[in-house]
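Following: one structure in structure tokens, then a few remarks.
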Amino acid sequence: MTNVLQQLTRVRDWWIGLCTGRDPLRPLDEEHYRQRILAITSFFWLLTVIAVTVITPLIIELSPEGRLAATTLFVITGFSVLGSILILRYLNNRIAALHMLLLVYTGAFAVACAYFGGTRSPTYALLILAPVMGAIVGGTGAGLFWTSLVLLIWSVILGLERLGMQFQQIIVPQNYNLAITIAYAAMGMAVVSIIMVYAEMNKHLREALQGANSELDYLSTHDDLTGLYNRRFYEQRMARSLERAQTTGKAVGLLMLDLDDFKEINDTHGHGMGDALLIKLGERLRTQVRDTDLIARLGGDEFVVLMENMRSPEDLPQIAAKLIAAVEQPVKVRNEVMALSVSCGVAVYPQDGSNREELEEKADKAMYLSLIHIS
């Protein structure tokens, strides 16, 4: 079963690529989304018409006129699908391809009503597929247009009948119910195919949008270079941490770190070396703190570590010393062994401040004075 589904998926992707000229595996956007629906639904319609025109003569005895009508319907449908594919692929005009397909479709089925009994024709009800397809592929405007046109066709055929016009009926009475059953089965297949394609495309589009939103959310909260949290997320987390600390009465520790002589490293070894050292600094900080602690890069060579639920504020100097010792281990970058050096300053809520600005000022002063400060 899995192999069958895989083969069907390959056929589907091949058809989409053939019709649209675009990679079927590329992330969906709105335009590609509607093009895929048009391509796949056209394929289902073509299969449906082939099945009906091939199977019907085998089940129902048709007059020469009936066989001619069935053959003509198949040829017209085939050319309409081919024409829409060419427009979609080479002109990249989805709306034109849609209208061309539906124009031939409604025209052929409306004419077929004249040979299959007017309102009693199997093709009379099948015209409903045009506004359905127009709305899904073309949008609200196309849906309203084709709804209005199909209502007009229905009204004209019904009105002519009430005026006494007799439409030709080439389906013999004993086969009429079977013909209607086949026609409605075809309509059901076409409607179900549209729904299935729409549901599948909608699922893929939702997944694409969810992926894009997740990526945007990540980019909005993380630093591009190091993958650590950025200033925006840190400030939000700090605000929540201080709110929780006011409720629980537990201390919140803040450590601020700067790479020493970072500008000189950039000037001497290049910005690539500087970036590599910043990445290494972030990696080493991650290994030295708890999973619940937050590490963020505020910008440049400035990093912070935010620690909640501290057992004792007196632990912070030892934690800072541990971080400095880990960071200052020699590191090999681009075949060069570099010795990192950092300055660190600490502050504790509530002893050193009641808000983020006060805590940052306290830690920043301690850092640039090369002190480990707990008040």
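Each chain in the structure tokens gets a letter, A, B and so on, in the order shown; residues start at 1 in every chain, and ligands are counted from 1 in the order they appear.
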
8 Å contact set for range 331-334 of chain A, only C-alpha atoms, chain neighbours under 2 positions out, as a list in words: Met273, Ala276, Leu277, Gln329, Glu336, Val337, Met338, Ala339 and Leu340 of chain A

Would you give me, as a CSV table (one decimal) with N, CA and C atoms, in the first residue's frame, the residues in range 94-273 of chain A that DSSP reads as strand (DSSP E or B)?
chain,number,residue,atom,x,y,z
A,116,PHE,N,-29.1,15.7,-25.2
A,116,PHE,CA,-29.4,14.7,-24.2
A,116,PHE,C,-30.7,15.0,-23.4
A,169,GLN,N,-33.4,13.9,-27.6
A,169,GLN,CA,-33.0,12.9,-26.5
A,169,GLN,C,-32.5,11.7,-27.2
A,222,HIS,N,16.1,35.0,18.6
A,222,HIS,CA,17.5,34.4,18.7
A,222,HIS,C,18.5,35.3,17.9
A,229,TYR,N,19.7,33.4,22.7
A,229,TYR,CA,18.6,34.3,22.7
A,229,TYR,C,19.1,35.7,22.5
A,251,ALA,N,15.8,34.9,44.9
A,251,ALA,CA,16.7,35.8,44.2
A,251,ALA,C,16.8,35.5,42.7
A,252,VAL,N,17.1,36.6,42.0
A,252,VAL,CA,17.4,36.4,40.6
A,252,VAL,C,18.8,37.0,40.3
A,253,GLY,N,19.7,36.2,39.7
A,253,GLY,CA,21.0,36.6,39.5
A,253,GLY,C,21.2,37.0,38.0
A,254,LEU,N,22.0,38.1,37.8
A,254,LEU,CA,22.4,38.6,36.5
A,254,LEU,C,23.9,38.6,36.3
A,255,LEU,N,24.4,38.0,35.3
A,255,LEU,CA,25.8,38.1,35.0
A,255,LEU,C,26.0,38.7,33.6
A,256,MET,N,26.8,39.7,33.5
A,256,MET,CA,27.1,40.3,32.2
A,256,MET,C,28.6,40.0,31.9
A,257,LEU,N,28.8,39.6,30.6
A,257,LEU,CA,30.2,39.3,30.2
A,257,LEU,C,30.6,40.0,28.9
A,258,ASP,N,31.8,40.4,28.8
A,258,ASP,CA,32.4,41.0,27.6
A,258,ASP,C,33.7,40.3,27.3
A,259,LEU,N,33.9,40.1,26.0
A,259,LEU,CA,35.3,39.6,25.6
A,259,LEU,C,36.2,40.8,25.7

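Using only C-alpha atoms, the residues found no farther than 12 Å from Asn177 in chain A, other than those of its own chain fewer than 6 positions away, are A:Ile60, A:Arg120, A:Ser121, A:Pro122, A:Ile171, A:Ala183, A:Tyr184.
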
d(CA of Gln168 in chain A, CA of Tyr115 in chain A) in Å: 4.9 Å

Point-to-point distance in Å for CA of Glu235 in chain A and CA of Asn213 in chain A: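 Separating CA of Asn213 in chain A from CA of Glu235 in chain A is a distance of 21.4 Å.
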
Counting only C-alpha atoms, the residue of A:Tyr90, A:Phe109, A:Trp15, A:Phe145 that sits nearest Leu73 in chain A: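 Under the stated criterion, the closest residue is A:Phe109.
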
Gly274 in chain A environment, 10 Å, only C-alpha atoms, sequence neighbours closer than 4 positions dropped, as a tab-separated table (two decimals) with N, CA, C and O atoms, in the first residue's frame:
chain	number	residue	atom	x	y	z
A	259	LEU	N	33.93	40.06	26.03
A	259	LEU	CA	35.26	39.60	25.62
A	259	LEU	C	36.24	40.76	25.70
A	259	LEU	O	35.97	41.85	25.20
A	262	PHE	N	38.19	42.77	22.22
A	262	PHE	CA	37.50	42.19	21.06
A	262	PHE	C	37.76	43.01	19.79
A	262	PHE	O	37.93	42.46	18.71
A	263	LYS	N	37.78	44.33	19.93
A	263	LYS	CA	38.06	45.17	18.76
A	263	LYS	C	39.44	44.89	18.20
A	263	LYS	O	39.62	44.82	16.98
A	264	GLU	N	40.40	44.68	19.08
A	264	GLU	CA	41.76	44.39	18.62
A	264	GLU	C	41.81	43.05	17.89
A	264	GLU	O	42.52	42.90	16.89
A	265	ILE	N	41.03	42.07	18.37
A	265	ILE	CA	40.98	40.76	17.71
A	265	ILE	C	40.43	40.92	16.30
A	265	ILE	O	40.96	40.37	15.33
A	266	ASN	N	39.35	41.70	16.17
A	266	ASN	CA	38.76	41.94	14.85
A	266	ASN	C	39.75	42.65	13.92
A	266	ASN	O	39.88	42.30	12.74
A	267	ASP	N	40.45	43.65	14.48
A	267	ASP	CA	41.38	44.43	13.65
A	267	ASP	C	42.58	43.60	13.24
A	267	ASP	O	43.10	43.74	12.11
A	268	THR	N	43.04	42.72	14.12
A	268	THR	CA	44.25	41.95	13.85
A	268	THR	C	43.97	40.69	13.03
A	268	THR	O	44.69	40.38	12.07
A	269	HIS	N	42.93	39.99	13.40
A	269	HIS	CA	42.66	38.68	12.78
A	269	HIS	C	41.47	38.69	11.83
A	269	HIS	O	41.20	37.69	11.16
A	270	GLY	N	40.73	39.77	11.78
A	270	GLY	CA	39.57	39.84	10.90
A	270	GLY	C	38.28	39.53	11.63
A	270	GLY	O	38.26	38.88	12.68
A	278	LEU	N	33.10	34.52	19.21
A	278	LEU	CA	31.80	34.76	19.83
A	278	LEU	C	30.96	33.49	19.86
A	278	LEU	O	30.27	33.20	20.85
A	279	ILE	N	31.01	32.72	18.79
A	279	ILE	CA	30.28	31.45	18.74
A	279	ILE	C	30.82	30.49	19.80
A	279	ILE	O	30.06	29.83	20.52
A	280	LYS	N	32.15	30.44	19.90
A	280	LYS	CA	32.76	29.56	20.89
A	280	LYS	C	32.41	30.00	22.31
A	280	LYS	O	32.16	29.15	23.18
A	300	GLY	N	27.24	42.77	19.74
A	300	GLY	CA	28.70	42.86	19.80
A	300	GLY	C	29.26	41.69	20.58
A	300	GLY	O	28.98	40.53	20.30
A	301	ASP	N	30.10	42.00	21.57
A	301	ASP	CA	30.70	40.95	22.40
A	301	ASP	C	30.09	40.91	23.78
A	301	ASP	O	30.70	40.42	24.72
A	333	VAL	N	40.94	28.04	16.74
A	333	VAL	CA	40.04	28.59	15.74
A	333	VAL	C	40.84	28.84	14.47
A	333	VAL	O	41.84	29.56	14.49

Test item: residues at most 8 Å from Ala39 in chain A, only C-alpha atoms, excluding those fewer than 4 positions along its chain, as an MDAnalysis selection string: chainID A and resid 15:16 19:20 35 43 85

Pick from A:Thr140, A:Ser80, A:Gln318, A:Asn202 nearest to Arg34 in chain A, counting only C-alpha atoms: A:Asn202

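We find CA of Glu328 in chain A and CA of Ser341 in chain A to be spaced 5.4 Å apart.
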
Surrounding residues of Glu360 in chain A excluding itself and chain neighbours under 6 positions, 12 Å, only C-alpha atoms, as a PyMOL selection string: chain A and resi 234-235+238+253-257+298+302-306+344-349+352-354+366-367

Option closest in space to Gly117 in chain A, from A:Met165, A:Val289, A:Leu359, A:Val137 [counting only C-alpha atoms]: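 Among the listed residues, the smallest separation from Gly117 in chain A belongs to A:Met165.
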
Secondary structure check, alpha helix (DSSP H) residues of range 130-304 of chain A, as a PyMOL selection string: chain A and resi 130-133+140-162+173-221+231-248+262-269+271-288

Among the residues A:Leu316, A:Met100, A:Pro131, A:Ile50, the one that comes closest to Thr72 in chain A [using only C-alpha atoms]: A:Ile50

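Distance annotation: of A:Lys250, A:Glu361, A:Asp275, A:Asn335, the residue with the minimal separation from Met307 in chain A is A:Lys250; atom set is only C-alpha atoms.
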
Given only C-alpha atoms as the counted atoms, nearest of A:Ile170, A:Leu101, A:Trp14, A:Asn92 to Ala70 in chain A: A:Ile170
